[in-house]
$ cat my_file33.cif   # mmCIF, C-alpha atoms
data_final
loop_
_atom_site.label_atom_id
_atom_site.label_comp_id
_atom_site.auth_asym_id
_atom_site.auth_seq_id
_atom_site.Cartn_x
_atom_site.Cartn_y
_atom_site.Cartn_z
CA MET A 1 239.75 203.02 -173.99
CA GLY A 2 242.35 203.76 -176.71
CA TRP A 3 240.87 202.08 -179.78
CA GLU A 4 240.78 204.23 -182.89
CA GLN A 5 239.14 203.42 -186.23
CA ARG A 6 241.26 203.98 -189.34
CA GLY A 7 239.32 202.88 -192.42
CA SER A 8 238.16 199.35 -191.81
CA ARG A 9 240.70 198.52 -189.08
CA ARG A 10 240.92 199.34 -185.40
CA TYR A 11 244.22 200.34 -183.82
CA TYR A 12 245.06 200.51 -180.16
CA TYR A 13 246.69 203.65 -178.75
CA ARG A 14 247.73 204.16 -175.18
CA LYS A 15 246.95 207.67 -173.88
CA LYS A 16 249.45 209.22 -171.52
CA ARG A 17 249.61 212.66 -169.98
CA ARG A 18 253.07 214.22 -170.12
CA ALA A 19 253.85 217.80 -169.15
CA GLY A 20 250.16 218.69 -169.09
CA LYS A 21 249.45 217.32 -172.57
CA VAL A 22 247.85 214.03 -173.58
CA ARG A 23 250.06 211.99 -175.93
CA SER A 24 248.96 208.97 -177.92
CA GLU A 25 251.36 206.06 -177.98
CA TYR A 26 250.77 203.57 -180.77
CA ILE A 27 250.55 199.97 -179.56
CA GLY A 28 249.23 198.03 -182.54
CA ALA A 29 246.32 196.14 -184.01
CA GLY A 30 245.06 192.58 -183.88
CA PRO A 31 245.32 190.02 -181.06
CA VAL A 32 248.47 191.53 -179.51
CA ALA A 33 246.76 194.93 -179.22
CA GLU A 34 243.69 193.21 -177.73
CA LEU A 35 245.91 191.64 -175.10
CA TRP A 36 247.57 194.98 -174.26
CA ALA A 37 244.15 196.64 -174.10
CA SER A 38 242.85 194.06 -171.62
CA ILE A 39 246.00 194.43 -169.45
CA ASP A 40 245.60 198.23 -169.45
CA GLU A 41 241.91 197.89 -168.65
CA SER A 42 242.54 195.64 -165.65
CA GLU A 43 245.27 198.02 -164.39
CA HIS A 44 242.85 200.91 -164.80
CA GLN A 45 240.20 199.07 -162.78
CA GLU A 46 242.74 198.18 -160.10
CA HIS A 47 243.69 201.86 -159.78
CA ALA A 48 240.02 202.85 -159.56
CA VAL A 49 239.44 200.34 -156.73
CA LYS A 50 242.52 201.63 -154.89
CA ARG A 51 241.43 205.24 -155.40
CA ASN A 52 237.99 204.46 -153.98
CA ALA A 53 239.51 202.70 -150.97
CA ASP A 54 241.82 205.69 -150.36
CA ARG A 55 238.87 208.07 -150.59
CA ARG A 56 236.86 206.01 -148.10
CA THR A 57 239.85 205.92 -145.72
CA ARG A 58 240.25 209.69 -145.97
CA GLN A 59 236.55 210.21 -145.28
CA ALA A 60 236.67 207.94 -142.21
CA GLU A 61 239.79 209.70 -140.90
CA ALA A 62 238.25 213.12 -141.52
CA GLU A 63 235.14 212.06 -139.59
CA ILE A 64 237.26 210.99 -136.58
CA ASP A 65 239.16 214.28 -136.71
CA ARG A 66 235.92 216.25 -136.98
CA GLN A 67 234.53 214.53 -133.86
CA LEU A 68 237.79 215.13 -132.01
CA ASP A 69 237.80 218.81 -133.08
CA ASP A 70 234.25 219.23 -131.74
CA LEU A 71 235.20 217.52 -128.49
CA GLU A 72 238.35 219.61 -128.14
CA SER A 73 236.51 222.88 -128.73
CA ALA A 74 233.89 221.91 -126.11
CA ILE A 75 236.63 221.01 -123.61
CA VAL A 76 238.52 224.24 -124.29
CA SER A 77 235.32 226.22 -123.72
CA ILE A 78 234.51 224.39 -120.50
CA THR A 79 238.07 224.73 -119.19
CA ALA A 80 238.31 228.43 -120.06
CA ALA A 81 234.88 229.16 -118.64
CA THR A 82 235.70 227.34 -115.41
CA LEU A 83 238.96 229.23 -115.06
CA CYS A 84 237.25 232.57 -115.79
CA ALA A 85 234.58 231.81 -113.22
CA ALA A 86 237.31 230.94 -110.68
CA GLY A 87 238.81 234.40 -111.11
CA PHE A 88 241.47 233.79 -113.75
CA HIS A 89 241.90 235.76 -116.95
CA ASN A 90 243.75 235.00 -120.13
CA HIS A 91 246.64 237.34 -120.75
CA LYS A 92 248.28 236.71 -124.15
CA GLY A 93 247.60 232.99 -123.91
CA GLN A 94 248.66 232.75 -120.29
CA TRP A 95 246.13 232.20 -117.52
CA ARG A 96 246.64 234.56 -114.59
CA LYS A 97 244.85 235.05 -111.34
CA LYS A 98 243.07 238.38 -111.03
CA ARG A 99 244.66 240.67 -108.44
CA PRO A 100 242.42 241.24 -105.44
CA MET B 101 191.54 230.67 -133.57
CA ASN B 102 194.50 228.79 -132.27
CA THR B 103 195.61 230.45 -129.07
CA LYS B 104 198.26 227.90 -128.30
CA GLN B 105 201.53 229.66 -127.70
CA LEU B 106 204.64 228.53 -129.46
CA PRO B 107 207.34 227.34 -127.06
CA VAL B 108 209.95 229.97 -126.38
CA LYS B 109 213.30 228.94 -127.77
CA ALA B 110 215.74 228.58 -124.89
CA PRO B 111 219.13 230.23 -125.41
CA ASP B 112 221.89 227.82 -126.33
CA PRO B 113 224.08 227.63 -123.20
CA ARG B 114 227.13 226.59 -125.20
CA ALA B 115 226.82 229.61 -127.48
CA GLU B 116 226.32 231.86 -124.46
CA LEU B 117 229.34 230.28 -122.78
CA MET B 118 231.52 230.91 -125.83
CA GLU B 119 230.20 234.46 -126.22
CA LEU B 120 230.83 235.30 -122.57
CA ARG B 121 234.30 233.80 -122.71
CA GLU B 122 235.17 235.78 -125.82
CA ARG B 123 233.88 239.02 -124.32
CA MET B 124 235.78 238.48 -121.08
CA ASN B 125 238.97 237.61 -122.92
CA LYS B 126 238.72 240.78 -125.02
CA ALA B 127 237.95 243.08 -122.12
CA LYS B 128 240.89 244.19 -120.02
CA GLU B 129 238.74 244.01 -116.91
CA ALA B 130 235.76 241.65 -117.02
CA THR B 131 232.61 243.15 -115.55
CA PRO B 132 231.25 241.62 -112.33
CA GLU B 133 227.96 240.96 -114.21
CA ASP B 134 229.78 238.89 -116.82
CA MET B 135 231.65 237.01 -114.11
CA HIS B 136 228.42 236.30 -112.29
CA ARG B 137 226.59 235.24 -115.47
CA LEU B 138 229.45 232.95 -116.50
CA ARG B 139 229.41 231.29 -113.13
CA GLN B 140 225.64 230.84 -113.41
CA VAL B 141 225.90 229.30 -116.88
CA ILE B 142 228.55 226.83 -115.74
CA VAL B 143 226.61 225.88 -112.63
CA SER B 144 223.33 225.55 -114.53
CA THR B 145 224.73 223.35 -117.32
CA PRO B 146 226.18 220.34 -115.54
CA HIS B 147 225.06 218.18 -118.48
CA PHE B 148 227.99 219.56 -120.52
CA TRP B 149 230.45 217.59 -118.43
CA PRO B 150 229.10 214.06 -118.86
CA VAL B 151 228.33 214.77 -122.54
CA ALA B 152 231.95 215.66 -123.21
CA THR B 153 233.15 212.59 -121.28
CA GLN B 154 230.70 210.32 -123.12
CA THR B 155 231.78 211.72 -126.48
CA ALA B 156 235.42 211.03 -125.61
CA ASN B 157 234.50 207.46 -124.63
CA VAL B 158 232.57 206.88 -127.86
CA ILE B 159 235.45 208.14 -130.00
CA ARG B 160 237.88 206.00 -127.99
CA GLU B 161 235.77 202.90 -128.53
CA GLN B 162 235.56 203.61 -132.26
CA LEU B 163 239.32 204.00 -132.47
CA ILE B 164 240.00 200.84 -130.47
CA GLU B 165 237.58 198.92 -132.70
CA LYS B 166 239.32 200.20 -135.82
CA MET B 167 242.82 199.57 -134.54
CA SER B 168 242.55 196.16 -132.99
CA SER B 169 240.83 192.87 -132.44
CA GLY B 170 241.09 190.02 -129.91
CA ILE B 171 244.22 190.10 -127.78
CA THR B 172 245.40 193.49 -129.07
CA ARG B 173 242.06 195.03 -128.13
CA SER B 174 242.32 193.67 -124.59
CA HIS B 175 245.87 195.07 -124.37
CA LEU B 176 244.75 198.49 -125.55
CA LEU B 177 241.81 198.59 -123.15
CA ALA B 178 244.07 197.51 -120.29
CA GLU B 179 246.60 200.17 -121.25
CA VAL B 180 243.88 202.85 -121.21
CA ASP B 181 242.89 201.71 -117.70
CA ILE B 182 246.52 201.72 -116.50
CA LEU B 183 247.12 205.22 -117.89
CA LYS B 184 243.90 206.45 -116.30
CA LYS B 185 245.17 205.23 -112.93
CA GLN B 186 248.60 206.78 -113.50
CA PHE B 187 246.97 210.12 -114.25
CA GLY B 188 245.08 209.80 -110.96
CA TYR B 189 241.67 209.73 -112.66
CA ASP B 190 239.71 208.37 -109.70
CA ALA B 191 240.98 211.01 -107.29
CA ALA B 192 240.93 213.85 -109.82
CA PRO B 193 238.41 216.70 -109.81
CA VAL B 194 235.74 216.79 -112.50
CA LEU B 195 237.52 219.19 -114.85
CA GLU B 196 240.72 217.18 -114.68
CA ARG B 197 238.82 213.95 -115.37
CA LEU B 198 237.47 215.53 -118.52
CA LEU B 199 240.98 216.52 -119.56
CA ILE B 200 242.40 213.07 -118.73
CA ASP B 201 239.69 211.49 -120.88
CA HIS B 202 240.65 213.82 -123.69
CA ILE B 203 244.34 212.95 -123.34
CA LEU B 204 243.57 209.23 -123.55
CA THR B 205 241.42 209.79 -126.64
CA ALA B 206 244.08 211.96 -128.30
CA ARG B 207 246.71 209.32 -127.49
CA LEU B 208 244.66 206.57 -129.12
CA ARG B 209 244.19 208.79 -132.18
CA LEU B 210 247.96 209.23 -132.32
CA LEU B 211 248.55 205.47 -132.00
CA HIS B 212 245.99 204.83 -134.73
CA ALA B 213 247.62 207.39 -137.03
CA GLU B 214 251.13 205.98 -136.36
CA ASN B 215 249.92 202.44 -136.97
CA TYR B 216 248.25 203.38 -140.24
CA TYR B 217 251.23 205.47 -141.31
CA ASN B 218 253.54 202.49 -140.76
CA ASN B 219 251.27 200.15 -142.71
CA VAL B 220 250.50 202.49 -145.57
CA VAL B 221 253.55 204.67 -146.03
CA VAL B 222 256.39 202.45 -144.91
CA ASN B 223 255.24 199.03 -146.10
CA GLN B 224 253.46 199.88 -149.38
CA SER B 225 254.07 201.87 -152.52
CA ILE B 226 251.75 204.87 -152.47
CA THR B 227 251.35 208.12 -154.33
CA PHE B 228 253.18 211.21 -153.13
CA ALA B 229 249.86 212.96 -152.40
CA PHE B 230 248.62 210.08 -150.24
CA GLY B 231 251.92 209.97 -148.34
CA GLU B 232 251.71 213.70 -147.76
CA TYR B 233 248.13 213.33 -146.55
CA TRP B 234 249.20 210.74 -143.96
CA ASN B 235 252.08 212.96 -142.87
CA GLY B 236 249.49 215.67 -142.19
CA VAL B 237 247.23 213.28 -140.24
CA LEU B 238 250.16 212.11 -138.12
CA SER B 239 251.43 215.59 -137.36
CA SER B 240 247.96 216.88 -136.45
CA ALA B 241 247.44 213.87 -134.12
CA GLN B 242 250.80 214.64 -132.44
CA LYS B 243 249.87 218.30 -131.98
CA ARG B 244 246.44 217.40 -130.57
CA PHE B 245 248.02 215.01 -128.05
CA LEU B 246 250.53 217.64 -126.97
CA ARG B 247 247.80 220.28 -126.57
CA ALA B 248 245.72 217.90 -124.44
CA ILE B 249 248.66 217.19 -122.10
CA GLU B 250 249.57 220.87 -121.85
CA THR B 251 245.99 221.79 -120.91
CA LEU B 252 245.95 219.27 -118.06
CA ALA B 253 249.34 220.47 -116.85
CA LYS B 254 248.17 224.11 -116.90
CA VAL B 255 244.94 223.34 -115.05
CA ARG B 256 246.80 221.29 -112.42
CA ARG B 257 249.33 224.09 -111.91
CA LEU B 258 246.58 226.71 -111.56
CA ALA B 259 244.40 224.51 -109.35
CA ARG B 260 247.26 224.00 -106.87
CA ASN B 261 246.67 227.39 -105.29
CA THR B 262 243.00 227.79 -106.16
CA PRO B 263 240.59 225.84 -104.03
CA ALA B 264 237.76 227.90 -105.54
CA LEU B 265 237.47 225.97 -108.82
CA GLN B 266 233.94 224.98 -107.91
CA ILE B 267 231.54 223.29 -110.29
CA ASN B 268 228.08 221.90 -109.70
CA ILE B 269 228.06 218.49 -111.34
CA ALA B 270 224.69 217.32 -110.03
CA GLN B 271 221.94 216.63 -112.55
CA ARG B 272 219.30 217.89 -110.11
CA GLY B 273 219.44 219.51 -106.72
CA GLY B 274 222.33 221.26 -105.15
CA ASN B 275 224.99 218.59 -104.81
CA ARG B 276 227.83 221.01 -105.25
CA ARG B 277 231.43 219.84 -105.34
CA SER B 278 234.67 221.64 -105.45
CA ALA B 279 236.72 220.91 -108.56
CA ASN B 280 239.58 220.16 -106.22
CA ASP B 281 237.66 217.57 -104.25
CA ALA B 282 238.56 213.95 -104.69
#
$ encode --input "my_file33.cif" --output "structure tokens"
Amino acid sequence: MGWEQRGSRRYYYRKKRRAGKVRSEYIGAGPVAELWASIDESEHQEHAVKRNADRRTRQAEAEIDRQLDDLESAIVSITAATLCAAGFHNHKGQWRKKRP
Amino acid sequence: MNTKQLPVKAPDPRAELMELRERMNKAKEATPEDMHRLRQVIVSTPHFWPVATQTANVIREQLIEKMSSGITRSHLLAEVDILKKQFGYDAAPVLERLLIDHILTARLRLLHAENYYNNVVVNQSITFAFGEYWNGVLSSAQKRFLRAIETLAKVRRLARNTPALQINIAQRGGNRRSANDA
């Protein structure tokens, strides 16, 4: 993730986005940097898992809403058609009986 | 030479229904031909009614499965049955049954959204975008529920003085029922 080679040594930098720009934050080198890198990596993976779960949830919810939208539009059509056939008409959103 | 004729594509009754409805809504005075055709389309497509009811039932089952298990599921199913009775489902005309089914489905969707909102937004730390998304889901479920109830109320009010809401619900033959019949 944030390892950078300087000469013969590797240094760990944490990348953070602030105000639309990516900033590098120096963490260190050696075993301590390795430890920080593994912590960051596991956090990154945890976020990715959560993001995937959220995406799946959104997809499932969108599918339910899509089915309900289809059902609602069919019901609206059937209701309006039945009312029209029974002699009603829609006047500015209000159903009125046609005058004889 | 192949003389076999290709089957003629039948017009989509749902599209025709929507088109007729739109035309009649736009026109100040609907033509008698349109009125007659609309009546014919409704009478000749009784399969629309059970399809819509079945779809509502399928969505309801999906929602109940997602929301609950064991005792909670039994409670939810019992509650649906109780509400059906309170709405007068058994004695209601066909159109109203369809609308009652839709209300029950919309109500379950609302319960599901509220339940999820409580679990996700109130009990956990989430991103602002995800919280906003769930706010949207909840508010759209509330609006849908309200619309469903309003439609039933409107139809019941209009049907009070209109015994002519007549729909043929038979699959075959002429078993015609009034929409106001029990």
$ atom_distance --input "my_file33.cif" --atom1 "CA of Trp234 (chain B)" --atom2 "CA of Asn215 (chain B)"
10.9 Å
$ atom_distance --input "my_file33.cif" --atom1 "CA of Leu71 (chain A)" --atom2 "CA of Val141 (chain B)"
19.0 Å
$ resolve_selection --input "my_file33.cif" --expression "the PyMOL selection byres ((chain B and resi 204) around 10)" --output "PyMOL selection string"
chain B and resi 156-157+160+179-181+183-184+187+199-203+205-210+245+248-249
$ atom_distance --input "my_file33.cif" --atom1 "CA of Lys166 (chain B)" --atom2 "CA of His212 (chain B)"
8.2 Å
$ residues_near_point --input "my_file33.cif" --point "(253.6, 203.4, -180.9)" --cutoff "10 Å" --atoms "only C-alpha atoms" --output "MDAnalysis selection string"
chainID A and resid 12:14 24:28
$ closest_residue --input "my_file33.cif" --among "B:Met167, B:Phe228, B:Ile159, B:Asn235" --to "chain A" --atoms "all atoms listed in the file"
B:Ile159
$ residues_near_point --input "my_file33.cif" --point "(242.8, 223.5, -111.9)" --cutoff "9 Å" --atoms "all atoms listed in the file" --output "number ranges by chain"
A: 79, 82-83; B: 193, 195-196, 252-263, 265, 279-280
